[in-house]
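Visitor: The structure that follows is given in the form of C-alpha cells.
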Amino acid sequence: MIFTIHLLVGAAIATQIKIIPLAFLLAFFSHYFLDSLPHWDYFVKNIQIKNWGESLPEFLKGGLDMLLGLGIILFFSRDIFVLLGAFFAVLVDVLIFLNLIFSSKWLKIHNDLHLKIHFPEDKKVSSFLTIPNQLIIVIIAVFFLR
Ligand SMILES: [Zn+2]
C-alpha cells in the first residue's frame, strides 16, 4: 500500500490511543494489516531488483508519496506524537529497504514475512475493489486526524 495511506493511518492511531508505546505498536502493526488488504500500488520493480541505475523515478514517486502523506498530517496536526505514529507505520517499509542494502538474517526473515502477509502483487484485482478500499481508509484516517 502507498506511503500516504500508511502514514495517515499511523497518525490517526496516535491521535486516538493515548498510551504512547501501545499507539506506536499499533501503528507499526497497522502496516501489515493494510498491506494484507487488496490494494493498488505503484511499481518499484527497479528498486526491488536493485537496478539502481533506473530507480530514480521510483524513488521520486516514493518521495512524493511520503511528502503528500506528511503534508496532509501536518495540515491537521503538529503534534510530535502524531508524527511519530506516522513514522512507526512506515517503519516496516524502511526495514524492507534496508534488507536490499544490508545482508542481515533478521532483515531477510522480516522481508519474507512481509511478503507472505502482503496482498499478492501479481494478483490482478479490479480497481473497482481496490480504489474504494483505499479511499475509505483515507477518509476514516482523516476523520480521526481532524
Ligand atoms: Zn509494506
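A note on labels: chains of the C-alpha cells are A, B, ... as shown, every chain counts residues from 1, and ligands are counted from 1 in their shown order.
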Show me, as a JSON list (two decimals) with C-alpha atoms, in the first residue's frame, the residues that have an atom within 6 Å of A:Ala86 when counting only C-alpha atoms, minus same-chain residues fewer than 3 positions from it.

Guide:
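Below you can see selection_1.json, which holds the result:
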```json
[["chain", "number", "residue", "atom", "x", "y", "z"],
["A", 7, "LEU", "CA", 1.30, 7.48, 7.25],
["A", 10, "GLY", "CA", -0.34, 5.62, 11.81],
["A", 11, "ALA", "CA", -1.01, 9.28, 12.60],
["A", 83, "LEU", "CA", 4.18, 12.36, 13.56],
["A", 89, "ALA", "CA", 3.51, 2.97, 10.37]]
```

Visitor: Show me, as a PyMOL selection string, the residues that have an atom within 8 Å of A:Leu70 when counting only C-alpha atoms, minus same-chain residues fewer than 3 positions from it.

Guide: chain A and resi 4+7+66-67+73-74

Visitor: Dump N, CA and C atoms for the selected residues as a compact mmCIF listing (two decimals), in the first residue's frame?

Guide:
```
# COMPACT_ATOMS: atom_id res chain seq x y z
N THR A 4 1.38 7.23 1.69
CA THR A 4 0.40 8.21 2.19
C THR A 4 -0.62 7.53 3.11
N LEU A 7 1.00 6.33 6.39
CA LEU A 7 1.30 7.48 7.25
C LEU A 7 0.03 8.01 7.92
N MET A 66 5.50 10.10 0.13
CA MET A 66 5.82 10.43 1.54
C MET A 66 5.44 11.88 1.84
N LEU A 67 5.83 12.79 0.94
CA LEU A 67 5.56 14.22 1.16
C LEU A 67 4.06 14.51 1.21
N ILE A 73 -0.89 15.24 7.04
CA ILE A 73 -0.83 15.13 8.51
C ILE A 73 -0.53 16.49 9.12
N LEU A 74 0.49 17.18 8.57
CA LEU A 74 0.89 18.48 9.14
C LEU A 74 -0.21 19.52 9.01
```

Visitor: Point out the residue among A:Lys45, A:His39, A:His114, A:Lys105 with the least atom-to-atom distance to A:Ile131, counting only C-alpha atoms.

Guide: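 Checking each of A:Lys45, A:His39, A:His114, A:Lys105 against A:Ile131, counting only C-alpha atoms, the winner is A:His39.
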
Visitor: Just the residues within 10 Å of A:Phe29, please, counting only C-alpha atoms, with nothing from its chain fewer than 4 positions along; format it as an MDAnalysis selection string.

Guide: chainID A and resid 10 23:25 33:34 88:92

Visitor: I need the chosen residues saved as an mmCIF file, in the first residue's frame, with C-alpha atoms.

Guide:
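This is the output file out33.cif:
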```
data_model
loop_
_atom_site.group_PDB
_atom_site.id
_atom_site.type_symbol
_atom_site.label_atom_id
_atom_site.label_comp_id
_atom_site.auth_asym_id
_atom_site.auth_seq_id
_atom_site.Cartn_x
_atom_site.Cartn_y
_atom_site.Cartn_z
ATOM 1 C CA GLY A 10 -0.344 5.617 11.805
ATOM 2 C CA ALA A 23 -0.009 3.626 19.939
ATOM 3 C CA PHE A 24 3.404 3.090 18.321
ATOM 4 C CA LEU A 25 2.989 -0.675 18.436
ATOM 5 C CA PHE A 33 -2.852 -5.222 8.216
ATOM 6 C CA LEU A 34 -3.179 -2.586 5.472
ATOM 7 C CA PHE A 88 6.114 3.790 13.016
ATOM 8 C CA ALA A 89 3.510 2.971 10.366
ATOM 9 C CA VAL A 90 6.100 3.164 7.574
ATOM 10 C CA LEU A 91 8.971 1.651 9.555
ATOM 11 C CA VAL A 92 8.156 -1.753 8.041
#
```

Visitor: For ligand 1, which residue among A:Lys108, A:Lys18, A:Lys61, A:Lys116 is the nearest when counting only C-alpha atoms and all ligand atoms?

Guide: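 Under the stated criterion, the closest residue is A:Lys116.
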